[in-house]
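J.: Sending over run_7.cif (mmCIF, C-alpha atoms and all ligand atoms).
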data_start
loop_
_atom_site.group_PDB
_atom_site.id
_atom_site.type_symbol
_atom_site.label_atom_id
_atom_site.label_comp_id
_atom_site.auth_asym_id
_atom_site.auth_seq_id
_atom_site.Cartn_x
_atom_site.Cartn_y
_atom_site.Cartn_z
ATOM 1 C CA MET C 1 -12.381 10.775 -20.767
ATOM 2 C CA GLY C 2 -9.950 7.967 -21.307
ATOM 3 C CA TYR C 3 -7.370 6.236 -19.263
ATOM 4 C CA ALA C 4 -4.935 5.634 -22.093
ATOM 5 C CA HIS C 5 -2.673 8.492 -21.142
ATOM 6 C CA TYR C 6 -2.601 10.928 -18.271
ATOM 7 C CA GLU C 7 -0.169 12.537 -15.889
ATOM 8 C CA ILE C 8 0.109 11.881 -12.198
ATOM 9 C CA THR C 9 2.300 13.089 -9.416
ATOM 10 C CA ARG C 10 4.250 10.417 -7.646
ATOM 11 C CA ASN C 11 6.762 11.161 -4.936
ATOM 12 C CA GLY C 12 6.671 14.792 -6.007
ATOM 13 C CA LYS C 13 7.476 14.011 -9.631
ATOM 14 C CA ARG C 14 5.192 14.247 -12.633
ATOM 15 C CA ILE C 15 5.092 10.988 -14.501
ATOM 16 C CA GLU C 16 3.077 9.815 -17.446
ATOM 17 C CA ALA C 17 0.620 7.021 -16.837
ATOM 18 C CA GLY C 18 -2.143 5.123 -18.567
ATOM 19 C CA TYR C 19 -2.403 1.875 -20.448
ATOM 20 C CA GLY C 20 -1.076 3.631 -23.561
ATOM 21 C CA VAL C 21 2.215 4.358 -21.833
ATOM 22 C CA ALA C 22 4.889 1.691 -21.823
ATOM 23 C CA ALA C 23 6.325 1.144 -18.393
ATOM 24 C CA THR C 24 9.899 0.410 -17.706
ATOM 25 C CA PHE C 25 9.814 -2.431 -15.242
ATOM 26 C CA GLU C 26 9.948 -1.063 -11.750
ATOM 27 C CA GLN C 27 10.910 -4.282 -10.047
ATOM 28 C CA ASP C 28 14.606 -5.166 -10.030
ATOM 29 C CA GLY C 29 15.305 -8.031 -12.343
ATOM 30 C CA CYS C 30 11.885 -8.030 -13.937
ATOM 31 C CA GLU C 31 11.797 -7.589 -17.667
ATOM 32 C CA ALA C 32 8.096 -7.980 -18.237
ATOM 33 C CA ASP C 33 6.606 -5.862 -20.949
ATOM 34 C CA ILE C 34 3.884 -3.890 -19.197
ATOM 35 C CA ASP C 35 2.191 -0.538 -19.446
ATOM 36 C CA ARG C 36 1.133 2.013 -16.895
ATOM 37 C CA GLY C 37 -2.480 0.975 -16.912
ATOM 38 C CA LEU C 38 -4.494 0.456 -13.764
ATOM 39 C CA ALA C 39 -4.205 -3.316 -14.229
ATOM 40 C CA TYR C 40 -0.543 -3.114 -13.289
ATOM 41 C CA LEU C 41 -0.832 -0.492 -10.602
ATOM 42 C CA CYS C 42 0.144 -1.162 -7.016
ATOM 43 C CA GLY C 43 -2.811 0.108 -5.005
ATOM 44 C CA LYS C 44 -5.911 1.813 -6.331
ATOM 45 C CA GLU C 45 -4.768 5.356 -7.020
ATOM 46 C CA PRO C 46 -2.143 6.317 -9.610
ATOM 47 C CA GLY C 47 0.623 8.019 -7.653
ATOM 48 C CA GLY C 48 0.149 5.878 -4.583
ATOM 49 C CA ASP C 49 -2.437 5.593 -1.843
ATOM 50 C CA GLU C 50 -2.767 4.312 1.693
ATOM 51 C CA HIS C 51 -1.573 0.807 0.850
ATOM 52 C CA GLY C 52 -0.081 1.012 -2.623
ATOM 53 C CA CYS C 53 3.172 2.686 -3.648
ATOM 54 C CA GLY C 54 1.875 3.633 -7.096
ATOM 55 C CA GLY C 55 4.437 1.527 -8.917
ATOM 56 C CA TYR C 56 3.628 -0.656 -11.904
ATOM 57 C CA PHE C 57 4.223 -4.373 -11.737
ATOM 58 C CA CYS C 58 3.648 -7.385 -13.932
ATOM 59 C CA SER C 59 1.305 -10.087 -12.722
ATOM 60 C CA GLU C 60 4.236 -12.099 -11.442
ATOM 61 C CA HIS C 61 5.236 -9.301 -9.076
ATOM 62 C CA HIS C 62 1.744 -8.222 -8.231
ATOM 63 C CA TYR C 63 -0.334 -9.797 -5.501
ATOM 64 C CA MET C 64 -4.044 -9.740 -4.859
ATOM 65 C CA SER C 65 -4.936 -8.246 -1.524
ATOM 66 C CA GLY C 66 -8.413 -9.717 -1.774
ATOM 67 C CA GLU C 67 -9.881 -6.372 -0.744
ATOM 68 C CA GLU C 68 -11.734 -4.304 -3.306
ATOM 69 C CA GLN C 69 -10.743 -1.005 -1.701
ATOM 70 C CA VAL C 70 -7.075 -1.992 -1.425
ATOM 71 C CA GLY C 71 -6.494 -3.407 -4.881
ATOM 72 C CA ASP C 72 -3.519 -5.433 -5.979
ATOM 73 C CA LEU C 73 -0.164 -4.674 -4.417
ATOM 74 C CA CYS C 74 3.497 -5.239 -5.167
ATOM 75 C CA GLY C 75 5.651 -7.491 -2.964
ATOM 76 C CA PRO C 76 6.806 -4.949 -0.363
ATOM 77 C CA CYS C 77 3.372 -3.347 -0.159
ATOM 78 C CA ILE C 78 1.482 -6.616 0.242
ATOM 79 C CA ALA C 79 3.926 -7.642 2.966
ATOM 80 C CA THR C 80 3.266 -4.401 4.825
ATOM 81 C CA TYR C 81 -0.460 -4.716 4.266
ATOM 82 C CA ARG C 82 -0.571 -8.291 5.579
ATOM 83 C CA ARG C 83 1.461 -7.293 8.604
ATOM 84 C CA GLU C 84 -1.022 -4.516 9.329
ATOM 85 C CA GLN C 85 -3.906 -6.950 8.946
ATOM 86 C CA GLN C 86 -2.315 -9.283 11.461
ATOM 87 C CA VAL C 87 -1.766 -6.476 13.939
ATOM 88 C CA ASN C 88 -5.396 -5.453 13.554
ATOM 89 C CA ALA C 89 -6.566 -9.024 14.039
ATOM 90 C CA ASP C 90 -4.887 -9.335 17.429
HETATM 91 ZN ZN ZN I 101 3.790 -1.216 -3.969
HETATM 92 ZN ZN ZN I 102 7.541 -8.511 -12.804
#
Show me, as structure tokens, the structure contained in the file I just sent.
T.:
Amino acid sequence: MGYAHYEITRNGKRIEAGYGVAATFEQDGCEADIDRGLAYLCGKEPGGDEHGCGGYFCSEHHYMSGEEQVGDLCGPCIATYRREQQVNAD
């Protein structure tokens, strides 16, 4: 069982994923050469999860949440996540 190549469903569409699959950059204006491996995934689950959108982002557009169960998130997702954390902290 490898993670080099597999299919996931994201937003109702089948897409190919895995570190063997070249990703077109999903962030506007970003031309980083990345793949669809878990290292570049927003969130923890391919296809999106509670906090992540399931997009693939280079390290420059990818932010550490600091939470093991949340994973690393893209800009919009980390902003939402941090907002939720602040609400919960009140
Ligand atoms: Zn995201
Ligand atoms: Zn980027």
J.: Quick check on the file I pasted: which residues fall under the PyMOL selection byres (((chain C and resi 45) around 12) and not hetatm)? Write them as a VMD selection string.
T.: chain C and resid 8 to 10 17 to 18 36 to 44 46 to 56 69 to 73
J.: Using the chain letters and numbers from this file, what does the PyMOL selection byres (((chain C and resi 59-64) around 7) and not hetatm) select? Give the answer as number ranges by chain.
T.: C: 57-58, 65-66, 71-75, 78
J.: Taking all listed atoms of region 78-83 of chain C, build the axis-aligned box, pad each of the six sides by 4 Å, then write its centre and edge lengths in Å to one decimal as AutoDock Vina command-line options.
T.:
--center_x 1.7 --center_y -6.3 --center_z 4.4 --size_x 12.5 --size_y 11.9 --size_z 16.4
J.: Which is closest to ligand ZN 101 (chain I) among C:Cys30, C:Cys77, C:Glu16, C:Glu67, if we use all atoms listed in the file?
T.: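 Closest to ligand ZN 101 (chain I) of all the choices is C:Cys77.
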J.: Can you measure CA of Glu31 (chain C) to CA of Pro76 (chain C) for me? One decimal in Å is fine.
T.: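 Computing it gives 18.2 Å between the two atoms.
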J.: From the set C:Val21, C:Ile15, C:Ile34, C:Ala79, which residue has the shortest atom-to-atom contact distance to ligand ZN 101 (chain I), counting only C-alpha atoms and all ligand atoms?
T.: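 Ranked by minimum distance to ligand ZN 101 (chain I), first place goes to C:Ala79.
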J.: When you draw a straight line from CA of Gln85 (chain C) to CA of Gly12 (chain C), how long is it in Å?
T.: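 Between these atoms lies a distance of 28.4 Å.
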J.: Of the candidates C:Val87, C:Ala23, C:Ala4, C:Ala32, which shows the shortest atom-to-atom distance to ligand ZN 102 (chain I), using only C-alpha atoms and all ligand atoms?
T.: C:Ala32
J.: Return the single residue from C:Gln86, C:His5, C:Tyr81, C:Tyr19 that is closest to ligand ZN 101 (chain I), with distances computed using all atoms listed in the file.
T.: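 Among the listed residues, the smallest separation from ligand ZN 101 (chain I) belongs to C:Tyr81.
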J.: Mind rebuilding region 59-81 of chain C with N, CA and C atoms and writing that out as a JSON list (two decimals), in the coordinates of the input?
T.:
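The resulting selection13.json:
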[["chain", "number", "residue", "atom", "x", "y", "z"],
["C", 59, "SER", "N", 2.12, -9.21, -13.57],
["C", 59, "SER", "CA", 1.30, -10.09, -12.72],
["C", 59, "SER", "C", 2.17, -10.97, -11.82],
["C", 60, "GLU", "N", 3.37, -11.24, -12.25],
["C", 60, "GLU", "CA", 4.24, -12.10, -11.44],
["C", 60, "GLU", "C", 4.71, -11.38, -10.17],
["C", 61, "HIS", "N", 4.77, -10.08, -10.23],
["C", 61, "HIS", "CA", 5.24, -9.30, -9.08],
["C", 61, "HIS", "C", 4.12, -8.46, -8.47],
["C", 62, "HIS", "N", 2.93, -8.98, -8.60],
["C", 62, "HIS", "CA", 1.74, -8.22, -8.23],
["C", 62, "HIS", "C", 0.83, -9.19, -7.50],
["C", 63, "TYR", "N", 0.39, -8.85, -6.33],
["C", 63, "TYR", "CA", -0.33, -9.80, -5.50],
["C", 63, "TYR", "C", -1.71, -9.27, -5.14],
["C", 64, "MET", "N", -2.68, -10.15, -5.17],
["C", 64, "MET", "CA", -4.04, -9.74, -4.86],
["C", 64, "MET", "C", -4.21, -9.59, -3.35],
["C", 65, "SER", "N", -4.68, -8.45, -2.95],
["C", 65, "SER", "CA", -4.94, -8.25, -1.52],
["C", 65, "SER", "C", -6.23, -8.92, -1.12],
["C", 66, "GLY", "N", -7.11, -9.13, -2.08],
["C", 66, "GLY", "CA", -8.41, -9.72, -1.77],
["C", 66, "GLY", "C", -9.41, -8.68, -1.29],
["C", 67, "GLU", "N", -8.99, -7.44, -1.20],
["C", 67, "GLU", "CA", -9.88, -6.37, -0.74],
["C", 67, "GLU", "C", -10.12, -5.39, -1.89],
["C", 68, "GLU", "N", -11.37, -5.19, -2.21],
["C", 68, "GLU", "CA", -11.73, -4.30, -3.31],
["C", 68, "GLU", "C", -11.13, -2.91, -3.13],
["C", 69, "GLN", "N", -11.19, -2.39, -1.92],
["C", 69, "GLN", "CA", -10.74, -1.00, -1.70],
["C", 69, "GLN", "C", -9.23, -0.89, -1.61],
["C", 70, "VAL", "N", -8.54, -2.02, -1.52],
["C", 70, "VAL", "CA", -7.08, -1.99, -1.42],
["C", 70, "VAL", "C", -6.44, -2.22, -2.80],
["C", 71, "GLY", "N", -7.03, -3.12, -3.56],
["C", 71, "GLY", "CA", -6.49, -3.41, -4.88],
["C", 71, "GLY", "C", -5.35, -4.41, -4.82],
["C", 72, "ASP", "N", -4.66, -4.52, -5.92],
["C", 72, "ASP", "CA", -3.52, -5.43, -5.98],
["C", 72, "ASP", "C", -2.26, -4.66, -5.61],
["C", 73, "LEU", "N", -1.35, -5.34, -4.94],
["C", 73, "LEU", "CA", -0.16, -4.67, -4.42],
["C", 73, "LEU", "C", 1.11, -5.39, -4.84],
["C", 74, "CYS", "N", 2.20, -4.64, -4.87],
["C", 74, "CYS", "CA", 3.50, -5.24, -5.17],
["C", 74, "CYS", "C", 4.01, -5.97, -3.93],
["C", 75, "GLY", "N", 5.12, -6.68, -4.06],
["C", 75, "GLY", "CA", 5.65, -7.49, -2.96],
["C", 75, "GLY", "C", 5.82, -6.75, -1.64],
["C", 76, "PRO", "N", 6.60, -5.68, -1.63],
["C", 76, "PRO", "CA", 6.81, -4.95, -0.36],
["C", 76, "PRO", "C", 5.50, -4.41, 0.22],
["C", 77, "CYS", "N", 4.62, -3.93, -0.65],
["C", 77, "CYS", "CA", 3.37, -3.35, -0.16],
["C", 77, "CYS", "C", 2.43, -4.42, 0.40],
["C", 78, "ILE", "N", 2.37, -5.58, -0.26],
["C", 78, "ILE", "CA", 1.48, -6.62, 0.24],
["C", 78, "ILE", "C", 2.02, -7.15, 1.57],
["C", 79, "ALA", "N", 3.33, -7.18, 1.71],
["C", 79, "ALA", "CA", 3.93, -7.64, 2.97],
["C", 79, "ALA", "C", 3.54, -6.69, 4.10],
["C", 80, "THR", "N", 3.65, -5.40, 3.82],
["C", 80, "THR", "CA", 3.27, -4.40, 4.82],
["C", 80, "THR", "C", 1.78, -4.50, 5.14],
["C", 81, "TYR", "N", 0.99, -4.64, 4.10],
["C", 81, "TYR", "CA", -0.46, -4.72, 4.27],
["C", 81, "TYR", "C", -0.84, -5.92, 5.11]]
